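Raw contents of data.txt, compact mmCIF, C-alpha atoms:
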```txt
# COMPACT_ATOMS: atom_id res chain seq x y z
CA MET A 1 0.00 0.00 0.00
CA LEU A 2 2.77 2.34 1.07
CA ALA A 3 4.87 1.20 -1.83
CA ALA A 4 2.06 1.82 -4.27
CA ALA A 5 1.49 5.29 -2.88
CA THR A 6 5.18 6.14 -3.08
CA VAL A 7 5.57 4.70 -6.52
CA SER A 8 2.56 6.44 -7.98
CA SER A 9 3.91 9.80 -6.90
CA SER A 10 7.43 9.31 -8.25
CA PRO A 11 8.64 9.43 -11.84
CA SER A 12 10.86 6.32 -11.93
CA VAL A 13 8.41 3.46 -11.40
CA LEU A 14 10.08 1.37 -14.08
CA TRP A 15 13.47 1.82 -12.50
CA TYR A 16 12.16 0.80 -9.09
CA LEU A 17 10.45 -2.23 -10.59
CA THR A 18 13.64 -3.22 -12.42
CA ARG A 19 15.56 -3.14 -9.16
CA ALA A 20 12.89 -4.94 -7.16
CA THR A 21 12.25 -7.69 -9.70
CA GLY A 22 15.99 -8.22 -10.06
CA VAL A 23 16.32 -8.81 -6.33
CA VAL A 24 13.28 -11.11 -6.20
CA THR A 25 14.49 -13.07 -9.24
CA LEU A 26 17.81 -13.67 -7.51
CA VAL A 27 16.05 -14.95 -4.39
CA LEU A 28 13.72 -17.21 -6.38
CA LEU A 29 16.57 -18.52 -8.49
CA THR A 30 18.51 -19.29 -5.31
CA LEU A 31 15.49 -21.15 -3.94
CA ALA A 32 15.08 -23.13 -7.16
CA VAL A 33 18.78 -24.03 -7.30
CA THR A 34 18.83 -25.00 -3.62
CA LEU A 35 15.77 -27.23 -3.96
CA GLY A 36 17.22 -28.75 -7.13
CA VAL A 37 20.60 -29.47 -5.54
CA ALA A 38 19.12 -30.76 -2.28
CA ASN A 39 16.40 -32.84 -3.88
CA ARG A 40 17.65 -36.33 -3.14
CA LYS A 41 16.02 -39.25 -1.43
CA ARG A 42 17.84 -38.42 1.80
CA PHE A 43 15.90 -35.20 2.25
CA GLU A 44 12.59 -36.97 1.76
CA THR A 45 10.51 -37.39 4.90
CA ASN A 46 7.12 -38.91 5.58
CA ARG A 47 5.55 -35.48 5.79
CA VAL A 48 7.45 -34.01 2.83
CA PRO A 49 7.62 -36.56 0.03
CA ARG A 50 10.07 -36.05 -2.78
CA PHE A 51 7.47 -34.98 -5.31
CA VAL A 52 6.61 -31.99 -3.07
CA ILE A 53 10.22 -30.79 -3.27
CA ASP A 54 10.12 -31.44 -7.03
CA THR A 55 6.99 -29.35 -7.41
CA LEU A 56 8.39 -26.51 -5.33
CA HIS A 57 11.63 -26.58 -7.32
CA ARG A 58 9.71 -26.34 -10.58
CA ASN A 59 7.34 -23.64 -9.34
CA ALA A 60 10.19 -21.54 -7.92
CA ALA A 61 12.02 -21.77 -11.24
CA LEU A 62 8.89 -20.81 -13.20
CA LEU A 63 8.22 -17.90 -10.88
CA ALA A 64 11.85 -16.80 -11.27
CA VAL A 65 11.40 -16.81 -15.05
CA VAL A 66 8.22 -14.71 -14.73
CA PHE A 67 9.97 -12.15 -12.53
CA LEU A 68 12.97 -12.20 -14.85
CA LEU A 69 10.70 -11.36 -17.78
CA VAL A 70 9.23 -8.43 -15.81
CA HIS A 71 12.81 -7.36 -14.92
CA ILE A 72 13.77 -7.36 -18.59
CA ALA A 73 10.54 -5.68 -19.76
CA THR A 74 10.92 -2.82 -17.27
CA THR A 75 14.59 -2.43 -18.23
CA LEU A 76 13.66 -2.17 -21.90
CA LEU A 77 10.81 0.25 -21.24
CA ASP A 78 12.87 2.50 -18.97
CA SER A 79 14.31 5.28 -21.10
CA TYR A 80 17.11 6.19 -18.67
CA VAL A 81 19.55 3.82 -20.39
CA ASN A 82 19.38 2.71 -23.99
CA ILE A 83 19.08 -1.09 -23.91
CA ASP A 84 17.57 -2.96 -26.85
CA LEU A 85 16.02 -6.39 -27.05
CA ILE A 86 19.05 -7.71 -28.90
CA ASN A 87 21.25 -6.72 -25.93
CA VAL A 88 19.07 -8.89 -23.71
CA ILE A 89 19.62 -11.97 -25.85
CA LEU A 90 23.09 -11.35 -27.27
CA PRO A 91 25.72 -11.07 -24.50
CA PHE A 92 28.21 -8.18 -24.40
CA SER A 93 26.49 -6.25 -27.21
CA ALA A 94 25.10 -3.38 -25.13
CA SER A 95 26.66 0.07 -25.13
CA TYR A 96 25.82 0.60 -21.44
CA LYS A 97 28.08 -1.47 -19.13
CA PRO A 98 28.46 -4.27 -21.70
CA LEU A 99 30.34 -6.67 -19.41
CA TRP A 100 27.85 -6.71 -16.54
CA LEU A 101 24.83 -6.62 -18.83
CA GLY A 102 26.43 -9.44 -20.80
CA PHE A 103 26.43 -11.65 -17.71
CA GLY A 104 22.74 -10.95 -17.31
CA ALA A 105 22.14 -11.88 -20.95
CA ILE A 106 24.04 -15.15 -20.48
CA ALA A 107 22.00 -16.02 -17.38
CA PHE A 108 18.79 -15.25 -19.27
CA ASP A 109 19.82 -17.38 -22.27
CA LEU A 110 20.69 -20.30 -20.02
CA LEU A 111 17.41 -20.08 -18.15
CA ILE A 112 15.42 -19.91 -21.37
CA ALA A 113 17.30 -22.95 -22.70
CA VAL A 114 16.45 -24.84 -19.52
CA ALA A 115 12.80 -23.78 -19.62
CA LEU A 116 12.40 -24.76 -23.29
CA THR A 117 14.08 -28.14 -22.87
CA SER A 118 11.94 -28.80 -19.79
CA VAL A 119 8.82 -28.13 -21.83
CA LEU A 120 10.06 -30.41 -24.62
CA ARG A 121 11.53 -32.99 -22.25
CA ARG A 122 9.53 -35.95 -23.51
CA ARG A 123 10.54 -35.29 -27.12
CA LEU A 124 14.20 -34.57 -26.44
CA GLY A 125 14.89 -37.51 -24.17
CA TYR A 126 16.32 -37.71 -20.71
CA ARG A 127 20.03 -37.26 -21.52
CA ILE A 128 19.72 -34.04 -23.51
CA TRP A 129 17.29 -32.64 -20.99
CA ARG A 130 19.59 -33.46 -18.09
CA ALA A 131 22.66 -32.01 -19.83
CA THR A 132 20.77 -28.79 -20.50
CA HIS A 133 19.36 -28.77 -17.00
CA TRP A 134 22.85 -28.64 -15.54
CA LEU A 135 23.23 -25.28 -17.30
CA ALA A 136 20.64 -23.89 -14.93
CA TYR A 137 23.17 -24.28 -12.13
CA LEU A 138 25.62 -22.20 -14.18
CA SER A 139 23.05 -19.45 -14.68
CA TRP A 140 22.87 -18.82 -10.92
CA PRO A 141 26.50 -17.68 -10.35
CA VAL A 142 26.35 -15.71 -13.61
CA ALA A 143 23.22 -13.95 -12.31
CA ILE A 144 24.99 -13.22 -9.02
CA VAL A 145 27.92 -11.64 -10.90
CA HIS A 146 25.45 -9.59 -12.97
CA GLY A 147 23.74 -8.32 -9.82
CA VAL A 148 26.98 -7.54 -8.01
CA GLY A 149 28.37 -5.73 -11.05
CA ILE A 150 25.44 -3.64 -12.21
CA GLY A 151 22.77 -3.67 -9.47
CA SER A 152 21.72 -0.23 -8.25
CA ASP A 153 21.55 -1.52 -4.67
CA ARG A 154 24.84 -3.42 -4.78
CA HIS A 155 26.48 -1.07 -2.25
CA SER A 156 23.64 -1.10 0.25
CA SER A 157 24.11 -3.28 3.30
CA TRP A 158 20.81 -5.16 2.94
CA MET A 159 21.66 -6.16 -0.64
CA LEU A 160 25.12 -7.32 0.36
CA ALA A 161 23.59 -9.35 3.19
CA LEU A 162 21.00 -10.84 0.84
CA THR A 163 23.60 -11.80 -1.76
CA GLY A 164 25.81 -13.31 0.94
CA ALA A 165 22.88 -15.30 2.31
CA CYS A 166 22.04 -16.61 -1.17
CA VAL A 167 25.63 -17.73 -1.72
CA LEU A 168 25.77 -19.39 1.70
CA ILE A 169 22.48 -21.25 1.19
CA VAL A 170 23.52 -22.65 -2.19
CA ALA A 171 26.98 -23.53 -0.85
CA ALA A 172 25.38 -25.39 2.07
CA ALA A 173 23.11 -27.31 -0.32
CA ILE A 174 26.07 -28.27 -2.52
CA VAL A 175 28.08 -29.43 0.52
CA ALA A 176 25.12 -31.48 1.78
CA ARG A 177 24.69 -33.07 -1.63
CA LEU A 178 28.38 -33.90 -1.98
CA ARG A 179 28.47 -35.30 1.55
CA GLN A 180 25.49 -37.47 0.83
CA HIS A 181 27.15 -38.67 -2.36
CA SER A 182 30.34 -39.60 -0.50
CA LEU A 183 28.38 -41.37 2.28
CA GLN A 184 26.53 -43.60 -0.18
CA PRO A 185 27.76 -47.21 0.12
CA PRO A 186 29.63 -48.44 -2.95
CA ARG A 187 27.65 -50.60 -5.31
CA PRO A 188 28.50 -54.30 -4.81
CA GLN A 189 30.61 -55.94 -7.49
CA GLY A 190 28.66 -57.51 -10.30
CA SER A 191 25.46 -55.69 -9.49
CA ARG A 192 23.60 -54.35 -12.47
CA ARG A 193 22.65 -50.75 -12.98
CA PRO A 194 18.97 -50.01 -12.47
CA GLU A 195 16.84 -50.47 -15.50
CA ARG A 196 16.34 -47.56 -17.88
CA SER A 197 12.64 -47.48 -17.06
CA SER A 198 13.26 -46.84 -13.35
CA ASN A 199 15.57 -43.95 -14.27
CA ARG A 200 12.87 -42.50 -16.39
CA ILE A 201 10.30 -42.71 -13.63
CA SER A 202 12.48 -40.59 -11.37
CA VAL A 203 12.25 -37.58 -13.69
CA LEU A 204 8.57 -37.77 -14.45
CA THR A 205 6.35 -35.01 -13.22
CA PRO A 206 4.40 -35.55 -10.01
CA ALA A 207 1.20 -35.78 -11.99
CA ALA A 208 2.67 -38.59 -14.06
CA LYS A 209 3.94 -40.35 -10.97
CA GLN A 210 0.50 -40.47 -9.49
CA ARG A 211 -0.91 -42.33 -12.47
CA MET B 212 -6.34 -58.00 -0.18
CA LYS B 213 -7.49 -55.83 2.70
CA LYS B 214 -3.90 -54.82 3.43
CA ARG B 215 -3.34 -53.78 -0.16
CA ALA B 216 -6.46 -51.62 -0.14
CA LEU B 217 -5.36 -50.05 3.12
CA ASN B 218 -1.92 -49.29 1.70
CA ARG B 219 -3.45 -47.77 -1.38
CA ARG B 220 -5.71 -45.58 0.74
CA GLU B 221 -2.78 -44.52 2.91
CA GLY B 222 -0.71 -43.69 -0.15
CA ALA B 223 -3.51 -41.63 -1.64
CA ALA B 224 -3.96 -39.72 1.62
CA ARG B 225 -0.22 -39.02 1.80
CA ARG B 226 -0.19 -37.88 -1.80
CA GLY B 227 -3.14 -35.61 -1.16
CA ALA B 228 -1.47 -34.08 1.88
CA GLY B 229 1.73 -33.62 -0.11
CA LEU B 230 -0.09 -31.89 -2.94
CA LYS B 231 -1.83 -29.61 -0.46
CA LEU B 232 1.52 -28.81 1.15
CA ALA B 233 3.09 -28.05 -2.22
CA SER B 234 0.17 -25.85 -3.18
CA CYS B 235 0.32 -23.91 0.11
CA ALA B 236 4.08 -23.47 -0.17
CA THR B 237 3.76 -22.26 -3.76
CA ASN B 238 1.09 -19.74 -2.80
CA LEU B 239 3.28 -18.55 0.04
CA MET B 240 6.20 -18.24 -2.35
CA ILE B 241 4.17 -16.14 -4.80
CA ALA B 242 2.85 -13.91 -2.02
CA SER B 243 6.36 -13.46 -0.58
CA ALA B 244 7.77 -12.62 -4.01
CA ILE B 245 5.11 -9.98 -4.62
CA GLY B 246 5.53 -8.60 -1.10
CA MET B 247 9.28 -8.46 -1.51
CA THR B 248 8.91 -6.63 -4.81
CA GLY B 249 6.76 -4.04 -3.06
CA ALA B 250 9.20 -3.72 -0.17
CA VAL B 251 12.25 -3.23 -2.40
CA THR B 252 10.33 -0.76 -4.57
CA ASP B 253 9.42 1.14 -1.43
CA VAL B 254 13.03 1.21 -0.23
CA ALA B 255 14.20 2.41 -3.65
CA ALA B 256 11.56 5.16 -3.73
CA HIS B 257 12.46 6.31 -0.22
CA GLU B 258 16.16 6.42 -1.13
CA TYR B 259 15.40 8.40 -4.25
CA ASN B 260 13.21 10.88 -2.35
CA ALA B 261 15.85 11.27 0.38
CA GLN B 262 18.56 11.93 -2.23
CA ASN B 263 16.35 14.49 -3.96
CA ALA B 264 15.62 16.26 -0.67
CA ASP B 265 19.32 16.25 0.18
CA ALA B 266 20.24 17.69 -3.22
CA ALA B 267 17.55 20.36 -2.91
CA ALA B 268 18.76 21.33 0.57
CA ARG B 269 22.34 21.56 -0.68
CA SER B 270 21.44 23.77 -3.61
CA THR B 271 19.41 26.05 -1.31
CA THR B 272 22.35 26.39 1.10
CA SER B 273 24.84 27.15 -1.65
CA ASN B 274 22.47 29.69 -3.22
CA SER B 275 21.97 31.53 0.06
CA ALA B 276 25.74 31.52 0.72
CA ARG B 277 26.34 32.91 -2.75
CA SER B 278 23.81 35.70 -2.28
CA THR B 279 25.30 36.62 1.14
CA THR B 280 28.75 36.85 -0.38
CA SER B 281 27.58 39.03 -3.24
CA ASN B 282 25.72 41.33 -0.85
CA SER B 283 28.66 41.82 1.50
CA ALA B 284 31.31 42.04 -1.21
CA GLN B 285 31.12 45.69 -2.18
CA GLY B 286 34.69 46.27 -3.33
CA ALA B 287 35.58 42.77 -4.28
CA THR B 288 39.29 43.47 -4.62
CA SER B 289 39.77 44.71 -1.10
CA THR B 290 37.70 41.84 0.31
CA SER B 291 39.69 39.25 -1.55
CA ARG B 292 42.92 40.88 -0.51
CA ALA B 293 41.72 40.90 3.08
CA SER B 294 40.82 37.25 2.91
CA ALA B 295 44.22 36.54 1.35
CA ALA B 296 45.86 38.38 4.26
CA THR B 297 43.79 36.36 6.70
CA THR B 298 44.82 33.17 5.01
CA THR B 299 48.48 34.12 5.11
CA ALA B 300 48.24 35.01 8.76
CA ALA B 301 46.47 31.76 9.51
CA THR B 302 49.13 29.82 7.69
CA THR B 303 51.84 31.59 9.66
CA THR B 304 50.05 30.84 12.88
CA THR B 305 49.73 27.20 12.01
CA THR B 306 53.36 26.96 11.10
CA SER B 307 54.46 28.66 14.28
CA SER B 308 52.20 26.47 16.40
CA ASN B 309 53.61 23.42 14.66
CA LEU B 310 57.08 24.59 15.54
CA LEU B 311 56.27 25.06 19.22
CA SER B 312 58.70 23.29 21.48
CA PRO B 313 57.31 21.15 24.31
CA SER B 314 58.65 23.68 26.83
CA GLN B 315 56.47 26.46 25.42
CA THR B 316 53.19 27.06 27.20
CA PRO B 317 49.79 26.93 25.49
CA THR B 318 49.49 30.66 26.18
CA ALA B 319 51.84 31.35 23.32
CA ALA B 320 49.64 29.37 20.98
CA SER B 321 46.55 31.23 22.10
CA SER B 322 48.28 34.57 21.62
CA SER B 323 49.23 33.61 18.10
CA SER B 324 45.60 32.78 17.35
CA SER B 325 44.53 36.13 18.74
CA SER B 326 46.99 37.78 16.37
CA THR B 327 45.16 36.09 13.54
CA GLN B 328 41.93 37.62 14.70
CA THR B 329 43.57 41.03 14.77
CA VAL B 330 44.77 40.67 11.21
CA SER B 331 41.43 39.58 9.89
CA GLY B 332 39.64 42.30 11.81
CA GLY B 333 42.07 44.97 10.70
CA SER B 334 41.61 44.18 7.05
```

Entire entry expressed as structure tokens:
Amino acid sequence: MLAAATVSSSPSVLWYLTRATGVVTLVLLTLAVTLGVANRKRFETNRVPRFVIDTLHRNAALLAVVFLLVHIATTLLDSYVNIDLINVILPFSASYKPLWLGFGAIAFDLLIAVALTSVLRRRLGYRIWRATHWLAYLSWPVAIVHGVGIGSDRHSSWMLALTGACVLIVAAAIVARLRQHSLQPPRPQGSRRPERSSNRISVLTPAAKQR
Amino acid sequence: MKKRALNRREGAARRGAGLKLASCATNLMIASAIGMTGAVTDVAAHEYNAQNADAAARSTTSNSARSTTSNSAQGATSTSRASAATTTAATTTTTSSNLLSPSQTPTAASSSSSSTQTVSGGS
């Protein structure tokens, strides 16, 4: 309410929205990456089955893409700096801070690639989808670098604290995942790998699992 | 047979609870994201307004200082010369106070500062 009142009376609504959606996208992306990294059988409990974590991971990622699109739209509409649509897609092509904007363009391209391959997952096959999906993890540090380099709030203490918290959370998730991987008992000699069909089941959507 | 039916029912209940949990968490996530957008927008707007007010205050102060100077400076040459003399005297005072030996009393320093006042007043 207060925000709406303040925004309506000031001239730079688009600029404020660019900043705000950038921050929220970073938080949502961190949440999606953390849930993706931590989503292993070990973290499954009776109350929180694995498909719940899967659903949250997917929804967080989709919401991050929505906020990212708003972030880009407000940046393009804001006339303070001259940024074209091509600069959003093609990295390092902008005239305004090309390096830092380029990192943002890379993160956007990676996220779009992940979103498209997720939509077309059944047609592409598991391997291609999984290989592309790993790129999503790369888009997170690239987005962090973009925010640290060009963000209007990068010098403010709350933004520094938020960025630090995001890095710590993802680092903790990676450590937990690696620890879990190292604690797994080695597969006994001569045992066969699980069948292809069981692998495929593990990546199906929750709706498909319920069938 | 009965056991299998019971298991199936239990599984369905768990799935239903899980779906409800996921739905609640997603709604919470959306609400938090929108709330956070509003909060950051608010912070940005407040910062912008504060900066504007600060800039306006600064320009007002400098304008009033400029007008005071122009009003008092009738005979700009003599004024500037006087201020130059004051500056020179102040520099001398500083130098001499820097060169004070530990044995010298603070009275000497205060007298030197009073000489500065005399110079500036005289001009």

Please, what distance in Å, to one decimal, runs between CA of Val66 (chain A) and CA of Val81 (chain A)?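 For CA of Val66 (chain A) relative to CA of Val81 (chain A), the distance reads 22.4 Å.
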
In Å, with one decimal, what is the gap from CA of Trp140 (chain A) to CA of Ser152 (chain A)?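 Computed distance, CA of Trp140 (chain A) to CA of Ser152 (chain A), equals 18.8 Å.
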
What are the closest atom pairs, with distances in Å to one decimal, for each residue of chain B lying within 10 Å of chain A, using all atoms listed in the file, rows by chain and rising residue number, as JSON lines?
```
{"residue": "B:Gly222", "atom": "CA", "partner": "A:Gln210", "partner_atom": "CA", "distance": 10.0}
{"residue": "B:Ala223", "atom": "CA", "partner": "A:Gln210", "partner_atom": "CA", "distance": 8.9}
{"residue": "B:Arg225", "atom": "CA", "partner": "A:Arg47", "partner_atom": "CA", "distance": 7.9}
{"residue": "B:Arg226", "atom": "CA", "partner": "A:Pro49", "partner_atom": "CA", "distance": 8.1}
{"residue": "B:Ala228", "atom": "CA", "partner": "A:Arg47", "partner_atom": "CA", "distance": 8.2}
{"residue": "B:Gly229", "atom": "CA", "partner": "A:Val52", "partner_atom": "CA", "distance": 5.9}
{"residue": "B:Leu230", "atom": "CA", "partner": "A:Val52", "partner_atom": "CA", "distance": 6.7}
{"residue": "B:Lys231", "atom": "CA", "partner": "A:Val52", "partner_atom": "CA", "distance": 9.1}
{"residue": "B:Leu232", "atom": "CA", "partner": "A:Val52", "partner_atom": "CA", "distance": 7.3}
{"residue": "B:Ala233", "atom": "CA", "partner": "A:Val52", "partner_atom": "CA", "distance": 5.4}
{"residue": "B:Ser234", "atom": "CA", "partner": "A:Leu56", "partner_atom": "CA", "distance": 8.5}
{"residue": "B:Ala236", "atom": "CA", "partner": "A:Leu56", "partner_atom": "CA", "distance": 7.4}
{"residue": "B:Thr237", "atom": "CA", "partner": "A:Leu56", "partner_atom": "CA", "distance": 6.5}
{"residue": "B:Asn238", "atom": "CA", "partner": "A:Asn59", "partner_atom": "CA", "distance": 9.9}
{"residue": "B:Met240", "atom": "CA", "partner": "A:Ala60", "partner_atom": "CA", "distance": 7.6}
{"residue": "B:Ile241", "atom": "CA", "partner": "A:Leu63", "partner_atom": "CA", "distance": 7.5}
{"residue": "B:Ser243", "atom": "CA", "partner": "A:Val24", "partner_atom": "CA", "distance": 9.2}
{"residue": "B:Ala244", "atom": "CA", "partner": "A:Val24", "partner_atom": "CA", "distance": 6.1}
{"residue": "B:Ile245", "atom": "CA", "partner": "A:Val24", "partner_atom": "CA", "distance": 8.4}
{"residue": "B:Gly246", "atom": "CA", "partner": "A:Val24", "partner_atom": "CA", "distance": 9.6}
{"residue": "B:Met247", "atom": "CA", "partner": "A:Val24", "partner_atom": "CA", "distance": 6.7}
{"residue": "B:Thr248", "atom": "CA", "partner": "A:Ala20", "partner_atom": "CA", "distance": 4.9}
{"residue": "B:Gly249", "atom": "CA", "partner": "A:Ala3", "partner_atom": "CA", "distance": 5.7}
{"residue": "B:Ala250", "atom": "CA", "partner": "A:Ala3", "partner_atom": "CA", "distance": 6.8}
{"residue": "B:Val251", "atom": "CA", "partner": "A:Ala20", "partner_atom": "CA", "distance": 5.1}
{"residue": "B:Thr252", "atom": "CA", "partner": "A:Tyr16", "partner_atom": "CA", "distance": 5.1}
{"residue": "B:Asp253", "atom": "CA", "partner": "A:Ala3", "partner_atom": "CA", "distance": 4.6}
{"residue": "B:Val254", "atom": "CA", "partner": "A:Ala3", "partner_atom": "CA", "distance": 8.3}
{"residue": "B:Ala255", "atom": "CA", "partner": "A:Tyr16", "partner_atom": "CA", "distance": 6.0}
{"residue": "B:Ala256", "atom": "CA", "partner": "A:Thr6", "partner_atom": "CA", "distance": 6.5}
{"residue": "B:His257", "atom": "CA", "partner": "A:Thr6", "partner_atom": "CA", "distance": 7.8}
{"residue": "B:Tyr259", "atom": "CA", "partner": "A:Ser10", "partner_atom": "CA", "distance": 9.0}
{"residue": "B:Asn260", "atom": "CA", "partner": "A:Ser10", "partner_atom": "CA", "distance": 8.4}
```

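You will find CA of Asn87 (chain A) at 11.4 Å from CA of Asp109 (chain A).
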
Taking (11.7, -9.2, -18.3) in the coordinates of the supplied file, I want to know which residues reach to within 10 Å of it, counting all atoms listed in the file; could you give the answer as a PyMOL selection string? chain A and resi 18+21-22+65-77+88+108

Shell of 12 Å around region 162-176 of chain A, all atoms listed in the file, local chain residues under 6 positions omitted, as a ChimeraX atom specification: /A:22-40,42-43,137,140-141,143-148,151,153-156,182-183

Test item: axis-aligned box, all listed atoms of region 119-136 of chain A, 3 Å on each side, centre and edges in Å rounded to one decimal, as AutoDock Vina command-line options:
```
--center_x 16.0 --center_y -30.8 --center_z -21.0 --size_x 20.4 --size_y 19.8 --size_z 18.2
```

Given the choices A:Phe92, A:Leu120, A:Leu85, A:Gly104, which gets closest to Ile150 (chain A) if the distance is worked out from all atoms listed in the file?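 Of all the options, A:Gly104 lies closest to Ile150 (chain A).
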